[in-house]
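Reproduced below: protein_32.csv, with CSV, C-alpha atoms.
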```
chain,number,residue,atom,x,y,z
C,1,MET,CA,28.7,-12.9,-1.3
C,2,LYS,CA,31.0,-11.7,1.4
C,3,ILE,CA,32.8,-8.4,0.6
C,4,LEU,CA,35.4,-6.8,2.7
C,5,MET,CA,35.7,-3.0,2.5
C,6,VAL,CA,39.0,-1.5,3.9
C,7,LEU,CA,39.2,2.1,4.9
C,8,THR,CA,42.1,4.3,6.1
C,9,SER,CA,42.8,5.2,9.7
C,10,HIS,CA,45.0,8.2,8.8
C,11,ASP,CA,43.6,11.7,9.3
C,12,GLN,CA,46.6,14.1,8.9
C,13,LEU,CA,47.2,15.8,5.5
C,14,GLY,CA,50.9,15.7,5.6
C,15,SER,CA,52.4,18.7,7.5
C,16,THR,CA,49.6,21.1,6.5
C,17,GLY,CA,47.8,20.9,9.8
C,18,LYS,CA,44.6,20.0,7.8
C,19,LYS,CA,42.6,16.8,8.1
C,20,THR,CA,42.2,14.0,5.6
C,21,GLY,CA,40.8,10.5,5.7
C,22,PHE,CA,38.5,8.5,3.4
C,23,TRP,CA,36.3,10.2,0.7
C,24,LEU,CA,32.6,9.8,1.5
C,25,GLU,CA,31.3,9.2,-2.0
C,26,GLU,CA,34.0,6.5,-2.6
C,27,PHE,CA,32.7,4.6,0.5
C,28,ALA,CA,29.0,5.3,0.2
C,29,ALA,CA,28.5,4.6,-3.5
C,30,PRO,CA,30.2,1.1,-3.5
C,31,TYR,CA,28.7,0.3,-0.1
C,32,TYR,CA,25.2,0.6,-1.5
C,33,VAL,CA,26.0,-1.1,-4.7
C,34,PHE,CA,27.1,-4.1,-2.7
C,35,LYS,CA,24.3,-3.9,-0.1
C,36,ASP,CA,21.6,-3.6,-2.7
C,37,ALA,CA,23.0,-6.7,-4.4
C,38,GLY,CA,22.6,-8.6,-1.2
C,39,ALA,CA,26.2,-8.9,-0.3
C,40,GLN,CA,27.3,-9.3,3.3
C,41,ILE,CA,29.7,-6.4,3.9
C,42,THR,CA,32.4,-6.3,6.5
C,43,LEU,CA,34.1,-2.9,7.2
C,44,ALA,CA,37.7,-2.7,8.4
C,45,SER,CA,40.5,-0.3,9.0
C,46,PRO,CA,44.0,-0.5,10.4
C,47,LYS,CA,43.0,0.9,13.8
C,48,GLY,CA,39.4,-0.3,13.8
C,49,GLY,CA,36.5,1.9,15.0
C,50,GLN,CA,35.4,5.1,13.3
C,51,PRO,CA,37.6,5.9,10.3
C,52,PRO,CA,38.4,9.6,9.7
C,53,LEU,CA,36.2,11.3,7.1
C,54,ASP,CA,38.0,13.8,4.8
C,55,PRO,CA,36.1,17.0,5.6
C,56,ALA,CA,36.4,18.1,2.0
C,57,SER,CA,34.3,15.2,0.9
C,58,ASP,CA,31.4,16.3,3.2
C,59,GLY,CA,30.9,19.7,1.6
C,60,ASP,CA,27.7,20.6,-0.2
C,61,ASP,CA,29.3,20.3,-3.6
C,62,SER,CA,30.4,16.8,-2.9
C,63,GLN,CA,27.0,15.3,-2.1
C,64,THR,CA,25.5,12.6,-4.2
C,65,ASP,CA,22.5,10.3,-4.0
C,66,ALA,CA,24.7,7.7,-2.2
C,67,THR,CA,26.1,10.2,0.4
C,68,LYS,CA,22.6,11.6,1.1
C,69,ARG,CA,21.3,8.1,1.6
C,70,PHE,CA,24.2,7.3,4.0
C,71,LYS,CA,23.4,10.4,6.0
C,72,SER,CA,19.9,9.2,6.7
C,73,ASP,CA,20.9,5.6,7.3
C,74,ALA,CA,21.6,5.1,11.0
C,75,ASP,CA,22.4,1.4,10.7
C,76,SER,CA,25.1,2.0,8.1
C,77,GLN,CA,26.5,4.9,10.2
C,78,LYS,CA,26.8,2.6,13.1
C,79,ALA,CA,28.5,-0.1,11.0
C,80,LEU,CA,31.1,2.5,9.8
C,81,ALA,CA,31.7,3.7,13.4
C,82,GLU,CA,32.6,0.1,14.4
C,83,THR,CA,35.0,-1.1,11.7
C,84,GLU,CA,36.9,-4.2,12.5
C,85,VAL,CA,40.7,-4.1,13.2
C,86,LEU,CA,42.3,-5.2,9.9
C,87,SER,CA,44.9,-7.4,11.5
C,88,THR,CA,42.2,-9.6,13.0
C,89,LEU,CA,40.7,-10.6,9.6
C,90,SER,CA,41.5,-13.4,7.2
C,91,ALA,CA,41.3,-13.1,3.4
C,92,ASP,CA,39.9,-16.7,3.4
C,93,ASP,CA,36.6,-15.4,4.8
C,94,TYR,CA,35.8,-13.1,1.9
C,95,ASP,CA,34.9,-13.3,-1.8
C,96,ALA,CA,36.3,-9.9,-2.7
C,97,VAL,CA,37.9,-6.8,-1.2
C,98,PHE,CA,37.3,-3.2,-2.1
C,99,TYR,CA,39.3,-0.1,-1.0
C,100,PRO,CA,37.7,3.3,-1.0
C,101,GLY,CA,40.0,6.3,-1.5
C,102,GLY,CA,40.6,9.6,0.0
C,103,HIS,CA,44.1,10.9,0.6
C,104,GLY,CA,44.5,8.9,3.9
C,105,PRO,CA,45.5,5.6,2.2
C,106,LEU,CA,48.6,7.2,0.8
C,107,TRP,CA,50.0,7.5,4.3
C,108,ASP,CA,48.8,4.3,6.0
C,109,LEU,CA,47.4,1.6,3.8
C,110,ALA,CA,50.2,1.9,1.2
C,111,SER,CA,52.7,0.5,3.6
C,112,ASP,CA,50.4,-1.4,6.1
C,113,LYS,CA,51.7,-5.0,6.4
C,114,ASP,CA,48.3,-6.4,7.2
C,115,SER,CA,46.7,-4.8,4.1
C,116,ILE,CA,49.6,-5.9,1.9
C,117,ALA,CA,49.3,-9.5,3.1
C,118,LEU,CA,45.5,-9.4,2.6
C,119,ILE,CA,45.8,-8.2,-1.0
C,120,GLU,CA,48.5,-10.7,-1.8
C,121,ALA,CA,46.3,-13.5,-0.4
C,122,PHE,CA,43.3,-12.3,-2.5
C,123,ALA,CA,45.6,-12.2,-5.6
C,124,ALA,CA,47.1,-15.7,-4.9
C,125,ASN,CA,43.5,-17.1,-4.7
C,126,ASP,CA,42.4,-15.2,-7.8
C,127,ARG,CA,39.7,-13.3,-5.9
C,128,PRO,CA,38.5,-9.9,-7.0
C,129,ILE,CA,40.3,-6.8,-5.7
C,130,GLY,CA,39.0,-3.3,-6.2
C,131,ALA,CA,40.4,0.2,-5.4
C,132,VAL,CA,39.2,3.6,-6.4
C,133,CYS,CA,40.8,7.1,-6.8
C,134,HIS,CA,43.7,7.3,-4.3
C,135,ALA,CA,43.2,3.7,-3.0
C,136,PRO,CA,45.3,2.1,-5.7
C,137,ALA,CA,48.1,3.4,-3.4
C,138,VAL,CA,47.5,0.1,-1.6
C,139,PHE,CA,49.4,-1.6,-4.5
C,140,LYS,CA,52.6,0.3,-3.8
C,141,GLN,CA,54.3,-2.6,-2.0
C,142,THR,CA,52.2,-5.6,-3.0
C,143,ILE,CA,53.8,-8.5,-4.8
C,144,GLY,CA,52.1,-10.9,-7.2
C,145,LYS,CA,52.5,-14.7,-7.4
C,146,ASP,CA,55.3,-14.2,-10.0
C,147,GLY,CA,57.4,-12.2,-7.6
C,148,LYS,CA,56.8,-8.9,-9.5
C,149,PRO,CA,54.8,-5.9,-8.2
C,150,LEU,CA,51.1,-6.9,-8.2
C,151,VAL,CA,50.2,-4.3,-10.9
C,152,ALA,CA,53.2,-5.1,-13.2
C,153,ASP,CA,52.0,-5.7,-16.7
C,154,LYS,CA,48.3,-5.1,-15.7
C,155,LYS,CA,46.1,-2.4,-17.0
C,156,VAL,CA,45.3,0.0,-14.1
C,157,THR,CA,44.1,3.5,-13.4
C,158,GLY,CA,44.0,5.7,-10.3
C,159,PHE,CA,43.9,9.4,-9.4
C,160,THR,CA,45.8,11.3,-12.2
C,161,ASN,CA,48.7,13.6,-11.7
C,162,THR,CA,46.6,16.4,-13.3
C,163,GLU,CA,43.7,15.7,-10.9
C,164,GLU,CA,46.2,15.9,-7.9
C,165,ASP,CA,47.5,19.2,-9.4
C,166,GLY,CA,43.9,20.3,-9.7
C,167,VAL,CA,43.3,19.9,-5.9
C,168,GLY,CA,46.6,21.6,-5.2
C,169,LEU,CA,48.2,18.7,-3.3
C,170,THR,CA,51.0,17.5,-5.6
C,171,ASP,CA,53.7,18.8,-3.2
C,172,ILE,CA,51.9,17.6,-0.1
C,173,VAL,CA,51.2,13.9,-0.8
C,174,PRO,CA,54.0,11.4,-0.1
C,175,PHE,CA,53.8,10.1,-3.7
C,176,LEU,CA,51.6,10.4,-6.8
C,177,VAL,CA,49.3,7.5,-7.5
C,178,GLU,CA,49.8,7.7,-11.3
C,179,ASP,CA,53.6,7.8,-11.0
C,180,MET,CA,53.7,4.9,-8.5
C,181,LEU,CA,51.5,2.6,-10.7
C,182,LYS,CA,53.8,3.3,-13.7
C,183,ALA,CA,56.9,2.8,-11.6
C,184,ASN,CA,55.6,-0.6,-10.5
C,185,GLY,CA,55.2,-1.7,-14.1
C,186,GLY,CA,51.4,-1.0,-14.4
C,187,ILE,CA,50.0,-0.2,-17.8
C,188,TYR,CA,48.4,3.0,-16.7
C,189,HIS,CA,45.3,4.4,-18.5
C,190,LYS,CA,43.2,7.4,-17.7
C,191,GLY,CA,40.0,9.1,-18.9
C,192,GLU,CA,39.0,12.7,-18.7
C,193,ASP,CA,39.8,14.4,-15.3
C,194,TRP,CA,36.9,14.0,-12.9
C,195,ALA,CA,34.8,11.7,-15.2
C,196,SER,CA,34.1,8.1,-14.4
C,197,PHE,CA,36.8,5.8,-15.7
C,198,VAL,CA,37.3,2.2,-14.6
C,199,ILE,CA,39.7,-0.5,-15.8
C,200,VAL,CA,39.3,-4.3,-15.2
C,201,ASP,CA,42.3,-6.6,-15.8
C,202,GLY,CA,41.5,-10.1,-14.7
C,203,LYS,CA,40.3,-9.9,-11.1
C,204,LEU,CA,41.8,-6.4,-10.6
C,205,VAL,CA,39.4,-3.4,-10.7
C,206,THR,CA,40.6,0.1,-10.5
C,207,GLY,CA,38.7,3.4,-10.7
C,208,GLN,CA,40.3,6.8,-11.5
C,209,ASN,CA,38.4,9.3,-9.2
C,210,PRO,CA,35.3,9.8,-7.0
C,211,ALA,CA,33.0,9.7,-10.0
C,212,SER,CA,34.3,6.2,-10.8
C,213,SER,CA,33.2,4.7,-7.4
C,214,GLU,CA,29.8,3.3,-8.4
C,215,GLU,CA,31.0,1.9,-11.7
C,216,ALA,CA,34.1,0.3,-10.0
C,217,ALA,CA,31.8,-1.4,-7.5
C,218,LYS,CA,29.5,-2.7,-10.2
C,219,LYS,CA,32.4,-4.1,-12.1
C,220,LEU,CA,33.8,-5.8,-9.0
C,221,LEU,CA,30.3,-7.4,-8.4
C,222,ALA,CA,30.3,-8.7,-12.0
C,223,LEU,CA,33.4,-10.7,-11.2
C,224,LEU,CA,31.7,-12.6,-8.4
```

Full structure transcribed into structure tokens:
Amino acid sequence: MKILMVLTSHDQLGSTGKKTGFWLEEFAAPYYVFKDAGAQITLASPKGGQPPLDPASDGDDSQTDATKRFKSDADSQKALAETEVLSTLSADDYDAVFYPGGHGPLWDLASDKDSIALIEAFAANDRPIGAVCHAPAVFKQTIGKDGKPLVADKKVTGFTNTEEDGVGLTDIVPFLVEDMLKANGGIYHKGEDWASFVIVDGKLVTGQNPASSEEAAKKLLALL
């Protein structure tokens, strides 16, 4: 099993002067689900190298078993620091792709032409695609084989408007994940705020929030 994980390269939280990036739990939990299943994992980002970590995801209240394991895993830290440049990779070389969230993807991956082409290639070949929390932002401009938005008429989830409101960033983000998925014709579902909630529709796996990361990864694996 060869799984590609694509992370953001964007580190600015709008015009707030604060930093953002990827959310540590949303990377670490799926990473170890895949690794422990024996998958060969490739890490990539638009710019390559070390992707920016959202500092909010590294606080004491955000630590989980997976993040603690990552912090004591020098090999995995080295792998993360050396992500491949996304434009150099081909979808043909992987069995599945997974996007961890954090607010960063709203600014770069949502409109990144290499990411869009990659997702469309996975969809065209009926290979599993996973995204959690803010990462369903990557479906903003993707088109399916039928010429419609990739999420059109598919059951999906992603970070809720109420969760965005809860972190006080509704007026900062370039768009709301829930609203965008609905606008693209997605059949949006959600669970309780901050609780694990994952939707699978065909080969598309979406998770609502950080708590959904591990479950989303397991459901992606089950499709392989």

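Distance-wise, atom CA of C:Leu176 and atom CA of C:Phe27 end up 21.1 Å apart.
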
*Which neighbours of C:Pro51 fall inside 8 Å, counting only C-alpha atoms, when residues of the same chain fewer than 2 positions from it are skipped, and could you give them as a list in words?*
Leu7, Thr8, Ser9, His10, Gly21, Phe22, Ser45, Gly48, Gly49, Leu53, Leu80, Ala81 and Thr83 of chain C

*For C:Thr88, please output as a list in words all residues within 10 Å (counting only C-alpha atoms; exclusion window: fewer than 6 positions along the same chain).*
Ala44, Pro46, Gly48 and Asp114 of chain C

Per residue of stretch 16-41 of chain C within 10 Å of stretch 93-98 of chain C, record the nearest atom pair and its distance in Å to one decimal, counting all atoms listed in the file, with rows in chain order and ascending residue number, as a Markdown table.
```
| residue | atom | partner | partner_atom | distance |
| --- | --- | --- | --- | --- |
| C:Phe27 | CA | C:Phe98 | CA | 9.4 |
| C:Pro30 | CA | C:Phe98 | CA | 8.4 |
| C:Tyr31 | CA | C:Phe98 | CA | 9.5 |
| C:Ala39 | CA | C:Asp95 | CA | 9.9 |
| C:Gln40 | CA | C:Tyr94 | CA | 9.4 |
| C:Ile41 | CA | C:Tyr94 | CA | 9.3 |
```

*Skipping near chain neighbours, those fewer than 3 positions away, what residues fall within 10 Å of stretch 193-210 of chain C using all atoms listed in the file, listed as a PyMOL selection string?*
chain C and resi 23-27+29+57+62+96+98-102+122-123+126-136+150-151+153-164+166+177-178+188-190+213-220+223-224

Could you write those residues out with C-alpha atoms, as an mmCIF file, in the coordinates of the input?
```cif
data_model
loop_
_atom_site.group_PDB
_atom_site.id
_atom_site.type_symbol
_atom_site.label_atom_id
_atom_site.label_comp_id
_atom_site.auth_asym_id
_atom_site.auth_seq_id
_atom_site.Cartn_x
_atom_site.Cartn_y
_atom_site.Cartn_z
ATOM 1 C CA TRP C 23 36.300 10.200 0.700
ATOM 2 C CA LEU C 24 32.600 9.800 1.500
ATOM 3 C CA GLU C 25 31.300 9.200 -2.000
ATOM 4 C CA GLU C 26 34.000 6.500 -2.600
ATOM 5 C CA PHE C 27 32.700 4.600 0.500
ATOM 6 C CA ALA C 29 28.500 4.600 -3.500
ATOM 7 C CA SER C 57 34.300 15.200 0.900
ATOM 8 C CA SER C 62 30.400 16.800 -2.900
ATOM 9 C CA ALA C 96 36.300 -9.900 -2.700
ATOM 10 C CA PHE C 98 37.300 -3.200 -2.100
ATOM 11 C CA TYR C 99 39.300 -0.100 -1.000
ATOM 12 C CA PRO C 100 37.700 3.300 -1.000
ATOM 13 C CA GLY C 101 40.000 6.300 -1.500
ATOM 14 C CA GLY C 102 40.600 9.600 0.000
ATOM 15 C CA PHE C 122 43.300 -12.300 -2.500
ATOM 16 C CA ALA C 123 45.600 -12.200 -5.600
ATOM 17 C CA ASP C 126 42.400 -15.200 -7.800
ATOM 18 C CA ARG C 127 39.700 -13.300 -5.900
ATOM 19 C CA PRO C 128 38.500 -9.900 -7.000
ATOM 20 C CA ILE C 129 40.300 -6.800 -5.700
ATOM 21 C CA GLY C 130 39.000 -3.300 -6.200
ATOM 22 C CA ALA C 131 40.400 0.200 -5.400
ATOM 23 C CA VAL C 132 39.200 3.600 -6.400
ATOM 24 C CA CYS C 133 40.800 7.100 -6.800
ATOM 25 C CA HIS C 134 43.700 7.300 -4.300
ATOM 26 C CA ALA C 135 43.200 3.700 -3.000
ATOM 27 C CA PRO C 136 45.300 2.100 -5.700
ATOM 28 C CA LEU C 150 51.100 -6.900 -8.200
ATOM 29 C CA VAL C 151 50.200 -4.300 -10.900
ATOM 30 C CA ASP C 153 52.000 -5.700 -16.700
ATOM 31 C CA LYS C 154 48.300 -5.100 -15.700
ATOM 32 C CA LYS C 155 46.100 -2.400 -17.000
ATOM 33 C CA VAL C 156 45.300 0.000 -14.100
ATOM 34 C CA THR C 157 44.100 3.500 -13.400
ATOM 35 C CA GLY C 158 44.000 5.700 -10.300
ATOM 36 C CA PHE C 159 43.900 9.400 -9.400
ATOM 37 C CA THR C 160 45.800 11.300 -12.200
ATOM 38 C CA ASN C 161 48.700 13.600 -11.700
ATOM 39 C CA THR C 162 46.600 16.400 -13.300
ATOM 40 C CA GLU C 163 43.700 15.700 -10.900
ATOM 41 C CA GLU C 164 46.200 15.900 -7.900
ATOM 42 C CA GLY C 166 43.900 20.300 -9.700
ATOM 43 C CA VAL C 177 49.300 7.500 -7.500
ATOM 44 C CA GLU C 178 49.800 7.700 -11.300
ATOM 45 C CA TYR C 188 48.400 3.000 -16.700
ATOM 46 C CA HIS C 189 45.300 4.400 -18.500
ATOM 47 C CA LYS C 190 43.200 7.400 -17.700
ATOM 48 C CA SER C 213 33.200 4.700 -7.400
ATOM 49 C CA GLU C 214 29.800 3.300 -8.400
ATOM 50 C CA GLU C 215 31.000 1.900 -11.700
ATOM 51 C CA ALA C 216 34.100 0.300 -10.000
ATOM 52 C CA ALA C 217 31.800 -1.400 -7.500
ATOM 53 C CA LYS C 218 29.500 -2.700 -10.200
ATOM 54 C CA LYS C 219 32.400 -4.100 -12.100
ATOM 55 C CA LEU C 220 33.800 -5.800 -9.000
ATOM 56 C CA LEU C 223 33.400 -10.700 -11.200
ATOM 57 C CA LEU C 224 31.700 -12.600 -8.400
#
```

*asked:* Just to confirm, what's the straight-line distance from atom CA of C:Gly14 to atom CA of C:Leu89 in Å (one decimal)?
replied: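 So the answer is 28.5 Å.
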